[in-house]
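Structure, as structure tokens:
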2 protein chains.
Amino acid sequence: MPATQKTSRGRPRKSEAEEAALRARVIEVARDLFARGGYEGVSMRRVAEATGCSAGQLYTLFGGKRDLLRHIWEDAFSELADRLREASAERDPLRRLRALGDAWCRYWLANPDHYRSIFLIEDRVSEPGERYFVETSESLGALDLIAEAVSQSMEARLLAPGDEALVSQLFLCGLQGVVFNLITIPEFPWTAKEQMAARMITALIGGLSPD
Amino acid sequence: MPATQKTSRGRPRKSEAEEAALRARVIEVARDLFARGGYEGVSMRRVAEATGCSAGQLYTLFGGKRDLLRHIWEDAFSELADRLREASAERDPLRRLRALGDAWCRYWLANPDHYRSIFLIEDRVSEPGERYFVETSESLGALDLIAEAVSQSMEARLLAPGDEALVSQLFLCGLQGVVFNLITIPEFPWTAKEQMAARMITALIGGLSPD
DNA sequence: ATATTTTTATGAACGTGTTCAATTAATTCA
DNA sequence: TGAATTAATTGAACACGTTCATAAAAATAT
């Protein structure tokens with residue numbers, strides 16, 4: 001008794017391509033709606049209506065509203081990836097590190113809505129099976145580039161030798177903190193919104209330099 | 001024509017004290033429910049039922065579910081304030097700075113649910129009238145203590161003289177970034193969860209030290 | 001007492017994300 | 001041409017946060 005029967009009896013499964021096409025169409029429609037009305041301002045019912053399917057069907061294509069949003073941002077991330085690639089062109093590892101951090105911050109500060117949607121909307125985080133959203137996206141891909149720059153900086157004795165992973169994570173945390181605070185507490189009288197990212201990088205590089 | 005008439009005609013206003021008492025009762029009841037079921041897991045209807053009033057009335061006492069939560073945490077914050085006060089006992093400004101940062105991080109990492117509730121649940125941020133929640137609470141009160149320690153460290157030439165407000169904010173951002181990342185991306189293989197805060201502080205102090 | 005007036009309290013109603021039994025569609029076997 | 005079977009799709013239903021017209025309550029004025 002073969003587990004998979006070659007010729008099945010009932011209605012055939014929708015082809016992979018068909019499903020992908022429909023998914024793509026929903027994403028396209030939803031992108032426009034979200035861009036206009038914001039995440040909270042657009043309901044799944046509206047997305048469904050605009051797409052021409054039922055709200056229920058959306059849940060066969062996406063895990064939920066948040067998951068739909070992830071797919072929407074997925075190619076918006078390519079822009080961030082581009083910026084990071086540009087920054088990676090810098091040969092000097094320490095200057096590259098600075099350029100990477102700068103690009104990362106600049107991107108998120110220029111797109112606070114993306115940032116909020118991705119980092120600040122908490123749904124049940126504890127889905128054990130699937131990996132955390134941010135990790136799979138281009139966002140933490142920055143960490144790899146940072147780690148490389150850190151590693152090379154250590155080799156060139158531009159940074160004190162040490163646990164390169166930890167140091168990389170410290171850089172990411174520092175940048176994250178700047179961006180997070182600037183975006184989520186915009187009405188606070190931050191001393192220098194534009195310079196904070198650069199100052200953070202400078203401070204961290206200074207603090208991690210060899211004596 | 002006096003604006004406030006001494007003896008009014010209709011039903012008398014509920015006394016300030018009565019309203020405060022009811023509010024306090026709701027907070028007490030809701031604290032238990034939230035502690036058990038979590039923020040998402042408890043509905044306003046349930047809170048109302050457990051309190052013995054209607055759901056609608058809750059909205060005369062609190063601005064909404066989030067606002068109710070704020071009141072609940074308000075005295076939970078006193079614990080953080082205590083820790084910060086303890087840390088402030090340290091005389092050496094640089095060691096005090098380190099102790100403050102450490103206490104701040106330790107508190108939030110020990111209470112990730114508080115952190116999430118306060119920093120990660122975004123509702124309409126753009127309420128022009130009322131100040132941002134975090135700013136009014138004890139949370140950013142830490143910034144004042146940090147600023148004082150930074151200022152004194154600069155005077156004692158333990159930190160390079162400079163814009164003390166900016167430097168204080170960099171410290172806060174660095175700490176915030178560490179806590180934020182550890183809490184929101186717990187499944188990421190962080191190299192050293194426990195040491196990251198201390199390392200961040202060390203790095204920042206090092207980077208901001210006089211040459 | 002009854003009417004008036006002012007405040008408080010209620011509960012139905014709205015739109016939300018999400019689920020799931022029931023329906024419809026599309027195929028193969030008899 | 002019918003069953004039979006399997007998958008896709010729907011739409012009613014649920015609990016949610018929140019609002020608001022309406023009802024109840026509590027006082028004074030007649």
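Ordering of the structure tokens sets the chain letters (A, B, ...); residue numbers start at 1 within each chain; ligands are numbered from 1 in the order shown.
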
Using only C-alpha atoms (C1' of nucleotides), find which residues of chain B lie within 8 Å of chain D and jot them down as a list in words.
->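 Those within range of chain D come out as Ser8, Arg9, Gly10, Arg11, Pro12, Ser43, Met44 and Lys65 of chain B.
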
Which residues of chain C are close to chain B, meaning at most 9 Å apart when you count only C-alpha atoms (C1' of nucleotides), and how do they look as a ChimeraX atom specification?
-> /C:4-11

Go through chain B residue by residue and, counting only C-alpha atoms, keep those with an atom at most 6 Å from chain A; for each kept residue give the shortest atom pair and its distance in Å to one decimal, ordered by chain and increasing number, as a tab-separated table.
```
residue	atom	partner	partner_atom	distance
B:Leu120	CA	A:Leu120	CA	5.2
B:Leu166	CA	A:Thr191	CA	5.6
B:Cys173	CA	A:Gly177	CA	4.4
B:Gly174	CA	A:Gly174	CA	4.5
B:Gln176	CA	A:Gly177	CA	5.1
B:Gly177	CA	A:Gly177	CA	3.5
B:Val178	CA	A:Cys173	CA	5.1
B:Thr191	CA	A:Leu166	CA	5.6
B:Ala203	CA	A:Gly207	CA	4.3
B:Leu204	CA	A:Gly207	CA	5.7
B:Gly206	CA	A:Gly207	CA	4.0
B:Gly207	CA	A:Gly207	CA	3.5
B:Leu208	CA	A:Ala203	CA	5.9
```

Those selected residues, please, written with C-alpha atoms and delivered as a CSV table (one decimal), in the first residue's frame.
```csv
chain,number,residue,atom,x,y,z
B,120,LEU,CA,6.1,46.7,22.8
B,166,LEU,CA,23.7,63.0,24.5
B,173,CYS,CA,19.9,53.5,24.1
B,174,GLY,CA,22.6,50.9,24.6
B,176,GLN,CA,17.5,49.5,25.8
B,177,GLY,CA,18.9,47.7,22.8
B,178,VAL,CA,20.3,44.9,24.8
B,191,THR,CA,26.3,34.6,23.0
B,203,ALA,CA,32.2,49.2,26.0
B,204,LEU,CA,30.3,52.5,26.2
B,206,GLY,CA,35.5,52.7,27.4
B,207,GLY,CA,34.5,54.5,24.3
B,208,LEU,CA,33.6,57.6,26.1
```

For Trp73 of chain B: contacts at 12 Å, only C-alpha atoms (C1' of nucleotides), fewer than 3 positions along chain excluded, given as JSON, numbers by chain | {"B": [27, 28, 30, 31, 32, 34, 35, 39, 66, 67, 68, 69, 70, 76, 77, 78, 79, 80, 111, 113, 114, 115, 116, 117, 118, 133, 134, 137, 138, 139]}

Gap from atom CA of Glu49 of chain B to atom C1' of DT19 of chain C - Å, one decimal =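 Those two atoms sit 25.6 Å apart.
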